[in-house]
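Trainee: My structure file data.txt, compact mmCIF, C-alpha atoms and all ligand atoms, is below:
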# COMPACT_ATOMS: atom_id res chain seq x y z
CA MET A 1 -100.93 -132.58 6.32
CA THR A 2 -101.64 -129.92 3.70
CA GLN A 3 -103.92 -131.29 0.97
CA ASN A 4 -104.60 -128.11 -1.00
CA LEU A 5 -102.23 -125.22 -1.34
CA THR A 6 -103.65 -122.07 -2.90
CA ILE A 7 -101.11 -119.39 -3.75
CA ARG A 8 -101.10 -116.09 -5.58
CA ARG A 9 -100.63 -116.58 -9.34
CA PRO A 10 -96.92 -117.11 -9.97
CA ASP A 11 -94.48 -115.90 -12.63
CA ASP A 12 -91.57 -117.68 -14.30
CA TRP A 13 -88.48 -115.50 -14.35
CA HIS A 14 -86.53 -117.54 -16.93
CA VAL A 15 -88.14 -119.20 -19.97
CA HIS A 16 -87.02 -120.23 -23.47
CA LEU A 17 -90.03 -120.13 -25.80
CA ARG A 18 -88.11 -120.38 -29.10
CA ASP A 19 -89.88 -119.24 -32.26
CA GLY A 20 -92.06 -120.48 -35.13
CA ALA A 21 -93.63 -123.94 -34.77
CA MET A 22 -91.82 -124.72 -31.51
CA LEU A 23 -93.10 -121.49 -29.96
CA SER A 24 -96.70 -122.34 -30.87
CA ASP A 25 -96.34 -125.85 -29.47
CA VAL A 26 -94.75 -124.94 -26.12
CA VAL A 27 -95.98 -121.47 -25.10
CA ASN A 28 -99.27 -122.57 -23.57
CA TYR A 29 -97.59 -124.93 -21.13
CA THR A 30 -96.01 -121.85 -19.57
CA ALA A 31 -99.07 -119.61 -20.00
CA ARG A 32 -101.30 -122.16 -18.24
CA GLN A 33 -99.25 -122.04 -15.05
CA PHE A 34 -97.71 -118.58 -15.02
CA SER A 35 -99.08 -115.08 -15.40
CA ARG A 36 -95.86 -113.55 -16.72
CA ALA A 37 -92.51 -114.86 -17.87
CA ILE A 38 -89.11 -113.43 -18.65
CA ILE A 39 -88.45 -114.54 -22.22
CA MET A 40 -84.91 -115.48 -23.14
CA PRO A 41 -83.61 -113.76 -26.31
CA ASN A 42 -81.24 -116.48 -27.59
CA LEU A 43 -82.97 -116.92 -30.94
CA THR A 44 -81.15 -117.10 -34.27
CA PRO A 45 -80.47 -114.27 -34.81
CA PRO A 46 -80.66 -113.08 -31.18
CA VAL A 47 -83.00 -110.31 -30.02
CA THR A 48 -80.73 -107.26 -29.97
CA THR A 49 -82.97 -104.39 -31.12
CA VAL A 50 -86.20 -102.76 -29.99
CA THR A 51 -87.77 -103.69 -33.32
CA ALA A 52 -86.84 -107.35 -32.91
CA GLY A 53 -88.10 -107.39 -29.30
CA THR A 54 -91.43 -105.85 -30.28
CA ALA A 55 -91.92 -108.30 -33.15
CA TYR A 56 -91.00 -111.32 -31.01
CA ARG A 57 -93.39 -110.24 -28.26
CA GLN A 58 -96.19 -110.05 -30.84
CA ARG A 59 -95.39 -113.53 -32.20
CA ILE A 60 -95.61 -114.87 -28.65
CA LEU A 61 -98.95 -113.13 -28.00
CA ASP A 62 -100.30 -114.48 -31.31
CA ALA A 63 -99.35 -118.01 -30.24
CA VAL A 64 -100.95 -117.86 -26.75
CA ASP A 65 -104.35 -119.44 -26.21
CA PRO A 66 -106.66 -116.38 -25.85
CA SER A 67 -108.40 -117.94 -22.84
CA LEU A 68 -105.14 -117.70 -20.85
CA SER A 69 -103.99 -114.26 -19.85
CA PHE A 70 -100.23 -114.20 -20.21
CA GLU A 71 -97.71 -111.40 -20.41
CA PRO A 72 -94.29 -112.03 -21.97
CA LEU A 73 -91.56 -109.81 -20.51
CA MET A 74 -88.93 -109.25 -23.16
CA VAL A 75 -85.17 -109.27 -22.77
CA CYS A 76 -82.42 -107.72 -24.87
CA TYR A 77 -79.43 -109.93 -25.73
CA LEU A 78 -76.15 -108.17 -25.04
CA THR A 79 -73.38 -108.30 -27.65
CA ASP A 80 -69.91 -106.76 -27.73
CA THR A 81 -71.21 -103.96 -29.92
CA ILE A 82 -74.66 -103.34 -28.47
CA ASP A 83 -75.64 -99.68 -28.32
CA ALA A 84 -76.46 -98.34 -24.83
CA ASP A 85 -79.02 -95.94 -26.34
CA GLU A 86 -80.90 -98.79 -28.03
CA VAL A 87 -81.10 -100.66 -24.72
CA ALA A 88 -82.24 -97.56 -22.82
CA ARG A 89 -84.85 -96.73 -25.48
CA GLY A 90 -86.20 -100.30 -25.35
CA HIS A 91 -86.57 -99.96 -21.59
CA ALA A 92 -88.16 -96.51 -21.77
CA GLU A 93 -90.67 -97.72 -24.37
CA GLY A 94 -91.66 -100.69 -22.20
CA VAL A 95 -90.35 -103.26 -24.67
CA PHE A 96 -87.33 -104.55 -22.75
CA THR A 97 -87.72 -105.45 -19.09
CA ALA A 98 -84.09 -106.54 -18.73
CA CYS A 99 -80.85 -107.38 -20.57
CA LYS A 100 -79.17 -110.76 -20.74
CA LEU A 101 -75.46 -111.42 -20.51
CA TYR A 102 -74.36 -114.60 -22.25
CA PRO A 103 -70.60 -114.98 -22.14
CA ALA A 104 -69.73 -115.84 -25.77
CA ASN A 105 -70.21 -119.54 -26.50
CA ALA A 106 -71.42 -120.42 -23.01
CA THR A 107 -74.54 -122.20 -24.26
CA THR A 108 -77.21 -122.55 -26.98
CA ASN A 109 -77.11 -119.64 -29.47
CA SER A 110 -74.60 -117.66 -27.48
CA SER A 111 -71.99 -117.21 -30.22
CA HIS A 112 -72.97 -113.54 -30.44
CA GLY A 113 -72.48 -113.16 -26.69
CA VAL A 114 -70.00 -110.98 -24.85
CA THR A 115 -66.28 -111.83 -25.25
CA ASP A 116 -65.05 -109.44 -22.56
CA ILE A 117 -67.22 -107.90 -19.86
CA LYS A 118 -65.45 -104.56 -20.32
CA ASN A 119 -67.00 -104.33 -23.79
CA ILE A 120 -70.44 -103.79 -22.23
CA TYR A 121 -69.42 -101.44 -19.42
CA PRO A 122 -71.10 -98.44 -21.14
CA VAL A 123 -74.35 -100.44 -21.34
CA LEU A 124 -74.09 -101.54 -17.70
CA GLU A 125 -73.57 -97.88 -16.76
CA ALA A 126 -76.80 -96.94 -18.53
CA MET A 127 -78.70 -99.87 -17.03
CA GLN A 128 -77.56 -98.94 -13.54
CA ARG A 129 -78.72 -95.38 -14.13
CA ILE A 130 -82.20 -96.34 -15.36
CA GLY A 131 -82.76 -99.25 -12.97
CA MET A 132 -82.83 -101.96 -15.67
CA PRO A 133 -81.90 -105.44 -14.38
CA LEU A 134 -79.00 -107.46 -15.77
CA LEU A 135 -79.70 -111.18 -16.15
CA VAL A 136 -76.54 -113.25 -16.04
CA HIS A 137 -75.64 -116.65 -17.42
CA GLY A 138 -72.83 -117.03 -14.93
CA GLU A 139 -70.25 -119.32 -16.45
CA VAL A 140 -66.79 -118.64 -17.83
CA THR A 141 -66.17 -120.33 -21.14
CA HIS A 142 -62.41 -120.88 -21.30
CA GLN A 143 -61.74 -124.46 -22.32
CA ASP A 144 -59.06 -124.70 -19.64
CA VAL A 145 -61.68 -124.33 -16.89
CA ASP A 146 -63.41 -127.58 -15.98
CA ILE A 147 -67.11 -127.56 -16.89
CA PHE A 148 -68.07 -128.22 -13.26
CA ASP A 149 -66.03 -125.20 -12.07
CA ARG A 150 -67.24 -122.64 -14.60
CA GLU A 151 -69.85 -121.03 -12.38
CA ALA A 152 -67.58 -120.67 -9.35
CA VAL A 153 -64.80 -119.20 -11.51
CA PHE A 154 -67.28 -116.77 -13.08
CA ILE A 155 -68.07 -115.43 -9.61
CA SER A 156 -64.43 -114.79 -8.71
CA ASP A 157 -63.21 -113.66 -12.15
CA VAL A 158 -66.17 -111.65 -13.48
CA LEU A 159 -69.16 -111.16 -11.21
CA LYS A 160 -67.28 -109.78 -8.21
CA ASP A 161 -65.84 -106.98 -10.37
CA VAL A 162 -69.21 -106.16 -11.95
CA VAL A 163 -70.81 -105.86 -8.51
CA LYS A 164 -67.94 -103.66 -7.31
CA ASP A 165 -67.90 -101.45 -10.41
CA PHE A 166 -71.71 -101.07 -10.57
CA PRO A 167 -72.79 -101.10 -6.94
CA ALA A 168 -76.39 -100.08 -7.68
CA LEU A 169 -76.97 -102.32 -10.73
CA LYS A 170 -79.78 -104.84 -10.25
CA ILE A 171 -78.35 -108.27 -11.10
CA ILE A 172 -80.11 -111.61 -11.29
CA PHE A 173 -77.72 -114.52 -11.21
CA GLU A 174 -79.75 -116.99 -13.22
CA HIS A 175 -80.22 -120.72 -12.72
CA ILE A 176 -77.61 -120.98 -9.96
CA THR A 177 -76.11 -124.44 -9.49
CA THR A 178 -73.48 -124.14 -6.76
CA ALA A 179 -73.13 -123.46 -3.05
CA GLU A 180 -70.68 -120.71 -4.04
CA ALA A 181 -73.40 -118.92 -6.02
CA ALA A 182 -75.99 -119.27 -3.26
CA ASP A 183 -73.49 -117.94 -0.70
CA PHE A 184 -72.42 -115.07 -2.95
CA VAL A 185 -76.01 -113.93 -3.53
CA MET A 186 -76.95 -114.29 0.12
CA ALA A 187 -73.98 -112.15 1.21
CA ALA A 188 -74.46 -109.47 -1.46
CA GLY A 189 -76.61 -106.35 -1.23
CA PRO A 190 -80.36 -106.26 -1.87
CA ASN A 191 -79.79 -105.47 -5.58
CA ILE A 192 -78.41 -108.99 -6.19
CA ALA A 193 -80.81 -111.94 -6.55
CA ALA A 194 -80.89 -115.40 -8.15
CA THR A 195 -83.29 -117.79 -9.82
CA ILE A 196 -83.33 -121.53 -9.15
CA THR A 197 -84.67 -124.22 -11.51
CA PRO A 198 -86.69 -127.25 -10.42
CA HIS A 199 -84.18 -129.61 -11.98
CA HIS A 200 -81.19 -128.26 -10.09
CA LEU A 201 -83.22 -128.71 -6.91
CA GLU A 202 -84.12 -132.28 -7.81
CA PHE A 203 -81.03 -134.06 -9.12
CA ASN A 204 -77.25 -133.90 -8.95
CA ARG A 205 -74.69 -134.72 -11.63
CA ASN A 206 -74.97 -138.47 -11.09
CA ALA A 207 -78.33 -138.37 -12.89
CA ILE A 208 -76.56 -137.54 -16.16
CA PHE A 209 -74.58 -140.80 -15.99
CA GLN A 210 -77.02 -143.20 -14.27
CA GLY A 211 -76.31 -146.55 -15.97
CA GLY A 212 -75.35 -144.80 -19.22
CA ILE A 213 -75.39 -141.33 -20.74
CA ARG A 214 -78.72 -139.62 -20.14
CA PRO A 215 -79.11 -136.65 -22.47
CA HIS A 216 -82.40 -135.52 -20.95
CA TYR A 217 -80.59 -134.57 -17.75
CA TYR A 218 -78.01 -132.47 -19.57
CA CYS A 219 -78.38 -128.71 -19.30
CA LEU A 220 -76.16 -125.67 -18.78
CA PRO A 221 -74.99 -124.81 -16.25
CA ILE A 222 -74.53 -128.54 -15.75
CA ALA A 223 -75.83 -130.12 -12.54
CA LYS A 224 -73.16 -130.30 -9.84
CA ARG A 225 -72.39 -132.49 -6.78
CA GLU A 226 -74.96 -133.37 -4.14
CA LYS A 227 -73.63 -130.78 -1.67
CA HIS A 228 -74.48 -128.07 -4.17
CA ARG A 229 -78.01 -129.39 -4.73
CA LEU A 230 -78.54 -129.31 -0.97
CA ALA A 231 -77.28 -125.71 -0.80
CA LEU A 232 -79.74 -124.71 -3.54
CA ARG A 233 -82.60 -126.36 -1.68
CA ASN A 234 -81.66 -124.45 1.47
CA ALA A 235 -81.59 -121.18 -0.48
CA ALA A 236 -84.94 -121.83 -2.17
CA ILE A 237 -86.76 -122.60 1.09
CA SER A 238 -84.91 -119.98 3.14
CA GLY A 239 -87.63 -117.38 2.77
CA SER A 240 -84.98 -114.92 1.57
CA PRO A 241 -86.45 -112.62 -1.09
CA LYS A 242 -83.17 -112.94 -3.01
CA PHE A 243 -84.12 -116.37 -4.39
CA PHE A 244 -87.05 -116.91 -6.71
CA LEU A 245 -88.56 -119.14 -9.35
CA GLY A 246 -87.08 -119.44 -12.83
CA THR A 247 -87.58 -122.77 -14.58
CA ASP A 248 -85.12 -122.32 -17.46
CA THR A 249 -87.48 -124.53 -19.47
CA ALA A 250 -85.48 -125.07 -22.68
CA PRO A 251 -87.29 -127.20 -25.27
CA HIS A 252 -85.35 -129.24 -27.81
CA THR A 253 -86.84 -132.02 -29.95
CA VAL A 254 -86.02 -135.62 -29.08
CA GLU A 255 -83.72 -135.76 -32.12
CA ALA A 256 -81.78 -132.69 -30.99
CA LYS A 257 -81.33 -134.16 -27.49
CA GLN A 258 -80.59 -137.79 -28.43
CA SER A 259 -77.67 -137.10 -30.71
CA ALA A 260 -73.90 -137.54 -30.76
CA CYS A 261 -73.75 -133.86 -29.79
CA GLY A 262 -77.00 -133.34 -27.91
CA CYS A 263 -78.38 -129.91 -27.02
CA ALA A 264 -78.42 -128.60 -23.45
CA GLY A 265 -81.74 -128.00 -21.76
CA LEU A 266 -84.65 -129.61 -19.92
CA PHE A 267 -88.25 -129.10 -20.95
CA ASN A 268 -89.91 -128.64 -17.57
CA ALA A 269 -92.72 -126.18 -18.39
CA PRO A 270 -95.64 -128.68 -18.45
CA TYR A 271 -95.26 -129.72 -14.77
CA ALA A 272 -93.14 -126.90 -13.39
CA LEU A 273 -95.16 -125.93 -10.33
CA GLU A 274 -95.83 -129.56 -9.47
CA ALA A 275 -92.06 -130.12 -9.43
CA TYR A 276 -91.37 -127.11 -7.19
CA ALA A 277 -94.23 -128.16 -4.86
CA LYS A 278 -92.67 -131.62 -4.52
CA VAL A 279 -89.34 -130.09 -3.49
CA PHE A 280 -90.84 -127.64 -0.99
CA ASP A 281 -93.03 -130.41 0.45
CA GLU A 282 -90.03 -132.75 0.85
CA GLU A 283 -88.30 -129.93 2.74
CA ASP A 284 -91.40 -129.39 4.90
CA ALA A 285 -91.49 -125.83 3.60
CA LEU A 286 -94.73 -125.55 1.63
CA ASP A 287 -95.39 -122.29 3.47
CA LYS A 288 -92.36 -120.82 1.67
CA LEU A 289 -93.52 -121.67 -1.86
CA GLU A 290 -95.73 -118.61 -2.39
CA GLY A 291 -92.95 -116.12 -1.65
CA PHE A 292 -90.54 -117.97 -3.94
CA ALA A 293 -93.03 -118.45 -6.79
CA SER A 294 -95.23 -115.36 -6.65
CA GLU A 295 -93.85 -112.53 -4.51
CA PHE A 296 -90.06 -112.19 -4.47
CA GLY A 297 -89.66 -111.97 -8.26
CA PRO A 298 -92.07 -109.07 -8.91
CA ARG A 299 -90.82 -107.24 -5.84
CA PHE A 300 -87.23 -107.48 -7.08
CA TYR A 301 -88.22 -106.30 -10.56
CA GLY A 302 -90.39 -103.56 -9.02
CA ILE A 303 -93.64 -104.61 -10.69
CA PRO A 304 -97.03 -105.39 -9.12
CA LEU A 305 -97.83 -108.81 -7.72
CA ASN A 306 -100.41 -110.76 -9.75
CA ASP A 307 -104.07 -110.96 -8.87
CA GLY A 308 -105.78 -114.31 -8.73
CA THR A 309 -104.60 -117.66 -7.42
CA VAL A 310 -103.63 -121.17 -8.47
CA THR A 311 -104.03 -124.36 -6.46
CA LEU A 312 -101.81 -127.37 -5.91
CA THR A 313 -103.56 -130.48 -4.65
CA ARG A 314 -101.88 -133.47 -3.05
CA LYS A 315 -102.84 -135.94 -5.76
CA ASP A 316 -100.60 -137.90 -8.14
CA VAL A 317 -100.21 -136.67 -11.69
CA SER A 318 -98.68 -138.89 -14.38
CA VAL A 319 -96.18 -137.24 -16.69
CA PRO A 320 -96.33 -138.57 -20.27
CA GLU A 321 -93.18 -140.12 -21.71
CA THR A 322 -93.28 -137.72 -24.62
CA LEU A 323 -95.32 -134.79 -25.87
CA ASP A 324 -95.95 -133.80 -29.48
CA VAL A 325 -94.11 -130.81 -30.95
CA MET A 326 -93.21 -129.78 -34.48
CA ASP A 327 -94.33 -133.10 -36.07
CA THR A 328 -92.03 -134.95 -33.68
CA LYS A 329 -91.66 -135.54 -29.93
CA ILE A 330 -90.20 -133.82 -26.94
CA VAL A 331 -89.28 -135.55 -23.68
CA PRO A 332 -90.50 -133.58 -20.65
CA PHE A 333 -88.74 -133.51 -17.27
CA HIS A 334 -90.11 -136.43 -15.17
CA SER A 335 -90.97 -138.27 -18.42
CA GLY A 336 -92.99 -141.41 -17.62
CA GLY A 337 -92.99 -140.67 -13.89
CA THR A 338 -95.47 -139.31 -11.38
CA LEU A 339 -95.47 -136.19 -9.30
CA PRO A 340 -97.37 -136.05 -6.00
CA TRP A 341 -99.01 -132.66 -6.64
CA THR A 342 -101.59 -131.65 -9.23
CA PHE A 343 -101.85 -128.08 -10.52
CA SER A 344 -105.12 -126.31 -11.24
CA ARG A 345 -106.04 -122.77 -12.14
CA SER A 346 -108.33 -121.54 -9.37
O1 LIG A 401 -79.46 -125.84 -20.80
C1 LIG A 401 -79.59 -124.75 -21.33
N1 LIG A 401 -80.37 -124.58 -22.43
N2 LIG A 401 -78.93 -123.70 -20.82
C2 LIG A 401 -78.92 -122.51 -21.42
O2 LIG A 401 -78.29 -121.62 -20.92
C3 LIG A 401 -79.61 -122.32 -22.72
C4 LIG A 401 -80.68 -123.29 -22.92
C5 LIG A 401 -81.21 -123.33 -24.33
O3 LIG A 401 -81.45 -122.27 -24.91
O4 LIG A 401 -81.39 -124.43 -24.85
ZN ZN A 402 -81.82 -120.42 -19.98
Could you show the structure in this file as C-alpha cells?
Mentor:
Amino acid sequence: MTQNLTIRRPDDWHVHLRDGAMLSDVVNYTARQFSRAIIMPNLTPPVTTVTAGTAYRQRILDAVDPSLSFEPLMVCYLTDTIDADEVARGHAEGVFTACKLYPANATTNSSHGVTDIKNIYPVLEAMQRIGMPLLVHGEVTHQDVDIFDREAVFISDVLKDVVKDFPALKIIFEHITTAEAADFVMAAGPNIAATITPHHLEFNRNAIFQGGIRPHYYCLPIAKREKHRLALRNAAISGSPKFFLGTDTAPHTVEAKQSACGCAGLFNAPYALEAYAKVFDEEDALDKLEGFASEFGPRFYGIPLNDGTVTLTRKDVSVPETLDVMDTKIVPFHSGGTLPWTFSRS
C-alpha cells in the first residue's frame, strides 16, 4: 500500500481569492499547496480591463508569503460590452491568461455577466485567433429551468453552438457536475477540457439536506445526484488529459454562509490536495493523481510544467472546525473531520 506519494508541484486551475482583508487571509492556503492558480475575476467591480487585472495581480503578490513562490494567472471577466481589443492586448501583454464567461446572474457577482452569448462573438473570434482559452461557468440562468438541470441545458442550448461556431477555440468547462458534461467533454475535440472540484467528487446533493439545511455544502453549480458524482469520479481518474484539477475554492465568512440567503461556495483551499488524494485512493487510482493535478492543466494551457515536488503521506490530518478570517470565522470543507492524507512541501 502506498504510504508516500511524491508528485510534481501542482497548479489549481480555478480559485476565488477575493480582495482586501479576505485576500490576505486566504491566499497563502492556496500558495502553500499550488505553484500557480487561475484567479477568478468576479470581484466588485469585476476585472474587465488590463489595468484592473494588473493591479489585482499586484495586490495578490503583495499578500503572498514571500517564502512561498506563487504565480497568479489572471482572467478577464467577459461582459456584453467588452472590447475584443482590450482582451487581446491583455493577452499579448501577459496580463490575462484567459477569459471567463459568467452567464448573467448565474452566481456570486455575475450581474455584469453575459446576457446573450452572441454579444461576445467578436471577442470569441479574437480569442480563437490568438489561442486564448475561454473559461465557462456552464449554467443557464432562466428561472424556468430547474436548478439541477441548468448545466445540462447549458450544454444543449449554448455550449454546443459555441463549439460548432468556434471549432478551434480552447474551452475549459469549469467545475463540471454532471454525467452529461463529462460525456460532452470526453467526446469533444482536444481543444475542450474540464476542471473538477474535490467537493463534487466527494458528495452528492443529499449532503445539502442531511437532517436539515446545510449551507456549507451549497455551491454553484449545485451538487447533483449520485450517478453524476460517480461519472465525475470516473472522468477524474480516467487518465484523460481533458480533465484536471480546479478546486473552485470560494471563501465566504460564516455569517455570509449561515444566513436566510446564504452565499454559494465551499472553502476547500486549506486541505485541497488531501481531499483529492482521498478520492483517488478510494478509487485505487493514486497513480493517476499526478497527471490530473500537475500535468494535464499546463499542457492544455500550453505552459511549462512546474519544477519541484510535493508529498502526500498516508497519515490522518484533522481539519479545524473553523479558521480565522477578517475578524470572524470561515468554515472549511471537511470542518471538524479528518482526512487520511497529509500534505507536505518536499
Ligand atoms: O459556489 C460558487 N461560488 N460558485 C461560483 O460560481 C462562484 C463562487 C463564488 O464566487 O462565491
Ligand atoms: Zn468559481
Trainee: How close does each residue of segment 108-151 of chain A get to segment 302-318 of chain A, giving the shortest atom pair and distance in Å to one decimal for every residue with an atom at most 12 Å away, counting only C-alpha atoms, sorted by chain and residue number, as a Markdown table?
Mentor:
| residue | atom | partner | partner_atom | distance |
| --- | --- | --- | --- | --- |
| A:Gly131 | CA | A:Gly302 | CA | 9.6 |
| A:Met132 | CA | A:Gly302 | CA | 10.2 |
| A:Pro133 | CA | A:Gly302 | CA | 10.2 |
Trainee: Ranking A:His142, A:Lys329, A:Arg59, A:Lys242 by minimum distance to Phe296 of chain A and counting only C-alpha atoms, which one comes first?
Mentor: A:Lys242
Trainee: For atom CA of Arg150 of chain A and atom CA of Leu245 of chain A, quote the distance in Å rounded to one decimal.
Mentor: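 Taking atom CA of Arg150 of chain A and atom CA of Leu245 of chain A, their separation equals 22.2 Å.
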Trainee: For ligand LIG 401 (chain A), which residue out of A:Thr338, A:Asn109, A:Gln128, A:Thr79 is the nearest one, using only C-alpha atoms and all ligand atoms?
Mentor: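 Comparing A:Thr338, A:Asn109, A:Gln128, A:Thr79 against ligand LIG 401 (chain A), the winner is A:Asn109.
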Trainee: Each residue of chain A with at least one atom at most 6 Å from ligand LIG 401 (chain A) should appear once, together with its nearest atom pair and the corresponding distance in Å (one decimal); atoms considered: all atoms listed in the file; ordering: chain, then increasing residue number; output as a tab-separated table.
Mentor:
residue	atom	partner	partner_atom	distance
A:Thr107	CA	A:LIG401	O2	5.1
A:Thr108	CA	A:LIG401	O3	4.7
A:Cys219	CA	A:LIG401	O1	3.4
A:Leu220	CA	A:LIG401	O1	3.9
A:Ala250	CA	A:LIG401	O4	4.7
A:Ala264	CA	A:LIG401	O1	4.0
A:Gly265	CA	A:LIG401	O1	3.3
Trainee: For the residues in that selection, give me C-alpha atoms as a CSV table (one decimal), in the coordinates of the input.
Mentor:
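That gives us part03.csv:
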chain,number,residue,atom,x,y,z
A,107,THR,CA,-74.5,-122.2,-24.3
A,108,THR,CA,-77.2,-122.6,-27.0
A,219,CYS,CA,-78.4,-128.7,-19.3
A,220,LEU,CA,-76.2,-125.7,-18.8
A,250,ALA,CA,-85.5,-125.1,-22.7
A,264,ALA,CA,-78.4,-128.6,-23.4
A,265,GLY,CA,-81.7,-128.0,-21.8
Trainee: Fewer than 4 positions away in the same chain doesn't count, so skip those; otherwise give me all residues within 10 Å of Met186 of chain A, counting all atoms listed in the file, as number ranges by chain.
Mentor: A: 180-182, 190, 192-194, 235, 240-243
Trainee: List every residue of chain A that has an atom at most 12 Å from any atom of ligand ZN 402 (chain A), giving for each one its closest atom pair and the distance in Å to one decimal, counting only C-alpha atoms and all ligand atoms, sorted by chain and then by ascending residue number, as JSON lines.
Mentor:
{"residue": "A:Asp12", "atom": "CA", "partner": "A:ZN402", "partner_atom": "ZN", "distance": 11.6}
{"residue": "A:Trp13", "atom": "CA", "partner": "A:ZN402", "partner_atom": "ZN", "distance": 10.0}
{"residue": "A:His14", "atom": "CA", "partner": "A:ZN402", "partner_atom": "ZN", "distance": 6.3}
{"residue": "A:Val15", "atom": "CA", "partner": "A:ZN402", "partner_atom": "ZN", "distance": 6.4}
{"residue": "A:His16", "atom": "CA", "partner": "A:ZN402", "partner_atom": "ZN", "distance": 6.3}
{"residue": "A:Leu17", "atom": "CA", "partner": "A:ZN402", "partner_atom": "ZN", "distance": 10.1}
{"residue": "A:Arg18", "atom": "CA", "partner": "A:ZN402", "partner_atom": "ZN", "distance": 11.1}
{"residue": "A:Ile38", "atom": "CA", "partner": "A:ZN402", "partner_atom": "ZN", "distance": 10.2}
{"residue": "A:Ile39", "atom": "CA", "partner": "A:ZN402", "partner_atom": "ZN", "distance": 9.1}
{"residue": "A:Met40", "atom": "CA", "partner": "A:ZN402", "partner_atom": "ZN", "distance": 6.6}
{"residue": "A:Pro41", "atom": "CA", "partner": "A:ZN402", "partner_atom": "ZN", "distance": 9.4}
{"residue": "A:Asn42", "atom": "CA", "partner": "A:ZN402", "partner_atom": "ZN", "distance": 8.6}
{"residue": "A:Leu43", "atom": "CA", "partner": "A:ZN402", "partner_atom": "ZN", "distance": 11.6}
{"residue": "A:Val75", "atom": "CA", "partner": "A:ZN402", "partner_atom": "ZN", "distance": 12.0}
{"residue": "A:Lys100", "atom": "CA", "partner": "A:ZN402", "partner_atom": "ZN", "distance": 10.0}
{"residue": "A:Leu101", "atom": "CA", "partner": "A:ZN402", "partner_atom": "ZN", "distance": 11.0}
{"residue": "A:Tyr102", "atom": "CA", "partner": "A:ZN402", "partner_atom": "ZN", "distance": 9.7}
{"residue": "A:Ala106", "atom": "CA", "partner": "A:ZN402", "partner_atom": "ZN", "distance": 10.8}
{"residue": "A:Thr107", "atom": "CA", "partner": "A:ZN402", "partner_atom": "ZN", "distance": 8.6}
{"residue": "A:Thr108", "atom": "CA", "partner": "A:ZN402", "partner_atom": "ZN", "distance": 8.6}
{"residue": "A:Asn109", "atom": "CA", "partner": "A:ZN402", "partner_atom": "ZN", "distance": 10.6}
{"residue": "A:Ser110", "atom": "CA", "partner": "A:ZN402", "partner_atom": "ZN", "distance": 10.8}
{"residue": "A:Leu135", "atom": "CA", "partner": "A:ZN402", "partner_atom": "ZN", "distance": 10.2}
{"residue": "A:Val136", "atom": "CA", "partner": "A:ZN402", "partner_atom": "ZN", "distance": 9.7}
{"residue": "A:His137", "atom": "CA", "partner": "A:ZN402", "partner_atom": "ZN", "distance": 7.7}
{"residue": "A:Gly138", "atom": "CA", "partner": "A:ZN402", "partner_atom": "ZN", "distance": 10.9}
{"residue": "A:Phe173", "atom": "CA", "partner": "A:ZN402", "partner_atom": "ZN", "distance": 11.3}
{"residue": "A:Glu174", "atom": "CA", "partner": "A:ZN402", "partner_atom": "ZN", "distance": 7.9}
{"residue": "A:His175", "atom": "CA", "partner": "A:ZN402", "partner_atom": "ZN", "distance": 7.4}
{"residue": "A:Ile176", "atom": "CA", "partner": "A:ZN402", "partner_atom": "ZN", "distance": 10.9}
{"residue": "A:Thr195", "atom": "CA", "partner": "A:ZN402", "partner_atom": "ZN", "distance": 10.6}
{"residue": "A:Ile196", "atom": "CA", "partner": "A:ZN402", "partner_atom": "ZN", "distance": 11.0}
{"residue": "A:Thr197", "atom": "CA", "partner": "A:ZN402", "partner_atom": "ZN", "distance": 9.7}
{"residue": "A:Cys219", "atom": "CA", "partner": "A:ZN402", "partner_atom": "ZN", "distance": 9.0}
{"residue": "A:Leu220", "atom": "CA", "partner": "A:ZN402", "partner_atom": "ZN", "distance": 7.8}
{"residue": "A:Pro221", "atom": "CA", "partner": "A:ZN402", "partner_atom": "ZN", "distance": 8.9}
{"residue": "A:Ile222", "atom": "CA", "partner": "A:ZN402", "partner_atom": "ZN", "distance": 11.7}
{"residue": "A:Gly246", "atom": "CA", "partner": "A:ZN402", "partner_atom": "ZN", "distance": 8.9}
{"residue": "A:Thr247", "atom": "CA", "partner": "A:ZN402", "partner_atom": "ZN", "distance": 8.2}
{"residue": "A:Asp248", "atom": "CA", "partner": "A:ZN402", "partner_atom": "ZN", "distance": 4.6}
{"residue": "A:Thr249", "atom": "CA", "partner": "A:ZN402", "partner_atom": "ZN", "distance": 7.0}
{"residue": "A:Ala250", "atom": "CA", "partner": "A:ZN402", "partner_atom": "ZN", "distance": 6.5}
{"residue": "A:Pro251", "atom": "CA", "partner": "A:ZN402", "partner_atom": "ZN", "distance": 10.2}
{"residue": "A:Ala264", "atom": "CA", "partner": "A:ZN402", "partner_atom": "ZN", "distance": 9.5}
{"residue": "A:Gly265", "atom": "CA", "partner": "A:ZN402", "partner_atom": "ZN", "distance": 7.8}
{"residue": "A:Leu266", "atom": "CA", "partner": "A:ZN402", "partner_atom": "ZN", "distance": 9.6}
{"residue": "A:Phe267", "atom": "CA", "partner": "A:ZN402", "partner_atom": "ZN", "distance": 10.8}
{"residue": "A:Asn268", "atom": "CA", "partner": "A:ZN402", "partner_atom": "ZN", "distance": 11.8}
Trainee: For Ala168 of chain A, which residue out of A:Ile208, A:Val153, A:Ala104, A:Leu124 is the nearest one, using all atoms listed in the file?
Mentor: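 Closest residue, counting all atoms listed in the file: A:Leu124.
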Trainee: Which residues are close to Gln33 of chain A, i.e. within 9 Å by all atoms listed in the file, leaving aside same-chain residues fewer than 4 positions away? Reply as a ChimeraX atom specification.
Mentor: /A:9-12,28-29,269-273,310,343-345
Trainee: Dump C-alpha atoms for the selected residues as a CSV table (one decimal), in the coordinates of the input?
Mentor:
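File selection.csv, as written:
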chain,number,residue,atom,x,y,z
A,9,ARG,CA,-100.6,-116.6,-9.3
A,10,PRO,CA,-96.9,-117.1,-10.0
A,11,ASP,CA,-94.5,-115.9,-12.6
A,12,ASP,CA,-91.6,-117.7,-14.3
A,28,ASN,CA,-99.3,-122.6,-23.6
A,29,TYR,CA,-97.6,-124.9,-21.1
A,269,ALA,CA,-92.7,-126.2,-18.4
A,270,PRO,CA,-95.6,-128.7,-18.4
A,271,TYR,CA,-95.3,-129.7,-14.8
A,272,ALA,CA,-93.1,-126.9,-13.4
A,273,LEU,CA,-95.2,-125.9,-10.3
A,310,VAL,CA,-103.6,-121.2,-8.5
A,343,PHE,CA,-101.8,-128.1,-10.5
A,344,SER,CA,-105.1,-126.3,-11.2
A,345,ARG,CA,-106.0,-122.8,-12.1
